[in-house]
Amino acid sequence: MRGYLSVISGFLLPALQLLIIQRYITTLFGPGNRKPAGIISWFLYYAFLVATGFELLFPPQFLLVWNIFMVFMISTVTRKESLKRRCISTLLIYTAWMVVEVIVLLILEAVGMDECVIDVAGSFISKMCMLLFSVLLDRYTKEKQYAEISLRYFIIVLLVPVCSIYMMHHIFLIAASHTEYSFFSVAAGILLLLV
């Protein structure tokens with residue numbers, strides 16, 4: 001029975017992640033095109049997510065960078081937005097997602113859940129949180145116009161999610177090694193999410 005659940009979650013959780021990413025991209029950039037290149041890029045991203053779900057051993061840094069790269073490529077192929085907006089939006093999506101995942105995993109560990117349950121439950125709960133955020137973002141960003149920003153401000157704004165990802169990754173590694181820092185890592189994650 002557990003084998004069936006892992007196979008089902010291995011195919012359904014990546015599909016849920018694609019739905020969430022698609023909602024964010026549509027909310028931030030509007031409806032996209034349905035060209036074959038866009039469909040192929042979505043399929044490749046799904047295949048990557050399924051492959052990583054079945055525990056192919058990739059370093060976490062590679063997974064993070066590849067996820068960011070794939071979402072950036074999908075938004076490039078399916079939307080006609082500026083390079084700056086695509087970079088900032090992609091990094092913000094994954095910064096928020098990483099912080100939410102870390103907070104959920106630390107809370108589940110603090111509750112004392114079994115490690116094999118934490119993987120699936122944590123992934124599902126973090127995806128549900130991100131789906132909720134996408135609905136809220138869609139609700140509160142309707143019909144707002146965004147002006148193009150200068151290169152200087154673009155670099156400054158881009159540093160916020162990049163630094164947040166870097167700090168949250170290392171805070172999570174510290175909390176995984178030293179459980180006494182679990183509360184600090186949850187508080188830091190919430191603060192970084194607000195930033």
# chains A, B, ... in the order shown; residues from 1 in each chain; ligands from 1
>>> closest_atom_pairs(of="region 85-107 of chain A", to="region 25-30 of chain A", cutoff="9 Å", atoms="only C-alpha atoms", output="CSV")
residue,atom,partner,partner_atom,distance
A:Arg85,CA,A:Phe29,CA,8.8
A:Arg86,CA,A:Phe29,CA,8.7
A:Ser89,CA,A:Leu28,CA,7.5
A:Thr90,CA,A:Ile25,CA,8.5
>>> write_last_selection(atoms="N, CA, C and O atoms", output="short mmCIF file (atom, residue, chain, number, x, y, z; two decimals), in the first residue's frame")
data_model
loop_
_atom_site.label_atom_id
_atom_site.label_comp_id
_atom_site.auth_asym_id
_atom_site.auth_seq_id
_atom_site.Cartn_x
_atom_site.Cartn_y
_atom_site.Cartn_z
N ARG A 85 11.46 41.66 -15.23
CA ARG A 85 10.26 41.16 -14.55
C ARG A 85 10.29 39.65 -14.43
O ARG A 85 9.87 39.09 -13.41
N ARG A 86 10.77 38.96 -15.46
CA ARG A 86 10.85 37.50 -15.40
C ARG A 86 11.83 37.06 -14.33
O ARG A 86 11.56 36.12 -13.58
N SER A 89 10.36 37.98 -10.74
CA SER A 89 9.19 37.17 -10.42
C SER A 89 9.58 35.72 -10.13
O SER A 89 9.10 35.12 -9.16
N THR A 90 10.45 35.16 -10.95
CA THR A 90 10.87 33.77 -10.74
C THR A 90 11.59 33.62 -9.41
O THR A 90 11.31 32.69 -8.64
#
>>> residues_around(residues="region 116-132 of chain A", least_positions_apart="3", cutoff="10 Å", atoms="only C-alpha atoms", output="PDB file with C-alpha atoms, in the first residue's frame")
ATOM      1  CA  LEU A   5       1.032   5.948  -2.293  1.00  0.00           C
ATOM      2  CA  SER A   6       4.605   6.871  -3.144  1.00  0.00           C
ATOM      3  CA  SER A   9       2.398  11.140  -4.865  1.00  0.00           C
ATOM      4  CA  GLY A  10       5.386  10.919  -7.225  1.00  0.00           C
ATOM      5  CA  LEU A  12       0.444  13.963  -8.520  1.00  0.00           C
ATOM      6  CA  LEU A  13       2.608  16.279  -6.398  1.00  0.00           C
ATOM      7  CA  PRO A  14       4.629  17.418  -9.453  1.00  0.00           C
ATOM      8  CA  LEU A  16       0.167  20.126  -8.368  1.00  0.00           C
ATOM      9  CA  GLN A  17       3.449  22.042  -8.443  1.00  0.00           C
ATOM     10  CA  LEU A  19      -0.542  24.045 -11.463  1.00  0.00           C
ATOM     11  CA  ILE A  20       0.788  26.350  -8.752  1.00  0.00           C
ATOM     12  CA  ILE A  21       3.620  27.687 -10.932  1.00  0.00           C
ATOM     13  CA  ARG A  23      -1.136  30.187 -11.489  1.00  0.00           C
ATOM     14  CA  TYR A  24       1.733  32.407 -10.343  1.00  0.00           C
ATOM     15  CA  GLY A  53      10.426  12.872  -6.730  1.00  0.00           C
ATOM     16  CA  ILE A  93       8.255  32.705  -6.337  1.00  0.00           C
ATOM     17  CA  ALA A  96       8.665  32.322  -0.939  1.00  0.00           C
ATOM     18  CA  TRP A  97       8.356  28.615  -1.748  1.00  0.00           C
ATOM     19  CA  MET A  98      11.663  27.753  -0.122  1.00  0.00           C
ATOM     20  CA  VAL A  99      10.813  29.670   3.044  1.00  0.00           C
ATOM     21  CA  VAL A 100       7.367  28.038   3.244  1.00  0.00           C
ATOM     22  CA  GLU A 101       8.877  24.560   2.776  1.00  0.00           C
ATOM     23  CA  VAL A 102      11.461  25.135   5.479  1.00  0.00           C
ATOM     24  CA  ILE A 103       8.865  26.436   7.943  1.00  0.00           C
ATOM     25  CA  VAL A 104       6.513  23.514   7.263  1.00  0.00           C
ATOM     26  CA  LEU A 105       9.299  20.925   7.584  1.00  0.00           C
ATOM     27  CA  LEU A 106      10.564  22.414  10.832  1.00  0.00           C
ATOM     28  CA  ILE A 107       7.056  22.505  12.301  1.00  0.00           C
ATOM     29  CA  LEU A 108       6.442  18.881  11.302  1.00  0.00           C
ATOM     30  CA  GLU A 109       9.781  17.860  12.837  1.00  0.00           C
ATOM     31  CA  GLY A 112       7.593  14.659  16.053  1.00  0.00           C
ATOM     32  CA  MET A 113       6.366  13.132  12.811  1.00  0.00           C
ATOM     33  CA  VAL A 135      -5.038  32.664  -4.885  1.00  0.00           C
ATOM     34  CA  LEU A 136      -4.437  35.616  -2.545  1.00  0.00           C
ATOM     35  CA  LEU A 137      -1.920  37.146  -4.941  1.00  0.00           C
ATOM     36  CA  ASP A 138      -4.355  36.772  -7.812  1.00  0.00           C
TER      37      ASP A 138
END
>>> select_by_dssp(residues="region 4-179 of chain A", states="helix (DSSP H, G or I)", output="number ranges by chain")
A: 4-29, 36-53, 60-78, 83-111, 115-140, 151-177, 179
>>> closest_residue(among="A:Gln22, A:Met70, A:Ile174, A:Gly32", to="Ser134 (chain A)", atoms="only C-alpha atoms")
A:Gln22
>>> decode(residues="region 115-140 of chain A", atoms="N, CA, C and O atoms", output="compact mmCIF listing (two decimals), in the first residue's frame")
# COMPACT_ATOMS: atom_id res chain seq x y z
N GLU A 115 10.02 10.49 9.73
CA GLU A 115 10.75 11.14 8.63
C GLU A 115 10.16 10.81 7.26
O GLU A 115 10.09 11.68 6.39
N CYS A 116 9.70 9.58 7.03
CA CYS A 116 9.13 9.25 5.72
C CYS A 116 7.78 9.94 5.52
O CYS A 116 7.40 10.25 4.39
N VAL A 117 7.05 10.19 6.60
CA VAL A 117 5.79 10.91 6.51
C VAL A 117 6.05 12.40 6.28
O VAL A 117 5.32 13.06 5.53
N ILE A 118 7.10 12.92 6.89
CA ILE A 118 7.43 14.34 6.76
C ILE A 118 7.69 14.70 5.30
O ILE A 118 7.26 15.76 4.83
N ASP A 119 8.37 13.84 4.56
CA ASP A 119 8.68 14.14 3.16
C ASP A 119 7.42 14.39 2.35
O ASP A 119 7.28 15.42 1.68
N VAL A 120 6.49 13.46 2.39
CA VAL A 120 5.28 13.58 1.58
C VAL A 120 4.34 14.64 2.17
O VAL A 120 3.84 15.51 1.44
N ALA A 121 4.11 14.58 3.48
CA ALA A 121 3.19 15.54 4.11
C ALA A 121 3.73 16.96 4.01
O ALA A 121 2.99 17.90 3.72
N GLY A 122 5.03 17.13 4.25
CA GLY A 122 5.63 18.46 4.16
C GLY A 122 5.54 19.03 2.76
O GLY A 122 5.23 20.21 2.57
N SER A 123 5.79 18.18 1.77
CA SER A 123 5.69 18.63 0.38
C SER A 123 4.26 19.03 0.05
O SER A 123 4.02 20.08 -0.55
N PHE A 124 3.30 18.22 0.47
CA PHE A 124 1.90 18.52 0.18
C PHE A 124 1.44 19.79 0.90
O PHE A 124 0.79 20.65 0.31
N ILE A 125 1.77 19.91 2.18
CA ILE A 125 1.35 21.09 2.95
C ILE A 125 1.97 22.36 2.40
O ILE A 125 1.30 23.39 2.26
N SER A 126 3.25 22.31 2.03
CA SER A 126 3.89 23.51 1.47
C SER A 126 3.28 23.87 0.13
O SER A 126 3.10 25.05 -0.18
N LYS A 127 2.91 22.88 -0.66
CA LYS A 127 2.25 23.16 -1.94
C LYS A 127 0.86 23.79 -1.71
O LYS A 127 0.45 24.69 -2.43
N MET A 128 0.15 23.30 -0.70
CA MET A 128 -1.16 23.88 -0.39
C MET A 128 -1.01 25.34 0.07
O MET A 128 -1.81 26.20 -0.29
N CYS A 129 0.03 25.61 0.87
CA CYS A 129 0.28 26.99 1.30
C CYS A 129 0.59 27.88 0.10
O CYS A 129 0.08 28.99 0.00
N MET A 130 1.41 27.37 -0.82
CA MET A 130 1.74 28.17 -2.01
C MET A 130 0.54 28.35 -2.92
O MET A 130 0.37 29.40 -3.53
N LEU A 131 -0.34 27.35 -2.98
CA LEU A 131 -1.57 27.50 -3.76
C LEU A 131 -2.46 28.58 -3.13
O LEU A 131 -3.02 29.42 -3.84
N LEU A 132 -2.55 28.57 -1.82
CA LEU A 132 -3.30 29.61 -1.11
C LEU A 132 -2.71 30.99 -1.38
O LEU A 132 -3.43 31.95 -1.67
N PHE A 133 -1.37 31.10 -1.33
CA PHE A 133 -0.72 32.38 -1.63
C PHE A 133 -0.99 32.82 -3.06
O PHE A 133 -1.17 34.00 -3.32
N SER A 134 -1.03 31.86 -3.99
CA SER A 134 -1.29 32.24 -5.39
C SER A 134 -2.71 32.76 -5.56
O SER A 134 -2.95 33.70 -6.32
N VAL A 135 -3.65 32.17 -4.83
CA VAL A 135 -5.04 32.66 -4.88
C VAL A 135 -5.11 34.07 -4.29
O VAL A 135 -5.75 34.97 -4.87
N LEU A 136 -4.44 34.28 -3.15
CA LEU A 136 -4.44 35.62 -2.54
C LEU A 136 -3.74 36.64 -3.44
O LEU A 136 -4.22 37.77 -3.59
N LEU A 137 -2.63 36.25 -4.03
CA LEU A 137 -1.92 37.15 -4.94
C LEU A 137 -2.79 37.50 -6.14
O LEU A 137 -2.85 38.67 -6.54
N ASP A 138 -3.48 36.53 -6.68
CA ASP A 138 -4.36 36.77 -7.81
C ASP A 138 -5.49 37.72 -7.43
O ASP A 138 -5.84 38.62 -8.18
N ARG A 139 -5.98 37.55 -6.24
CA ARG A 139 -7.10 38.40 -5.78
C ARG A 139 -6.68 39.85 -5.58
O ARG A 139 -7.43 40.77 -5.90
N TYR A 140 -5.47 40.07 -5.06
CA TYR A 140 -5.07 41.42 -4.69
C TYR A 140 -4.20 42.12 -5.72
O TYR A 140 -3.84 43.27 -5.53
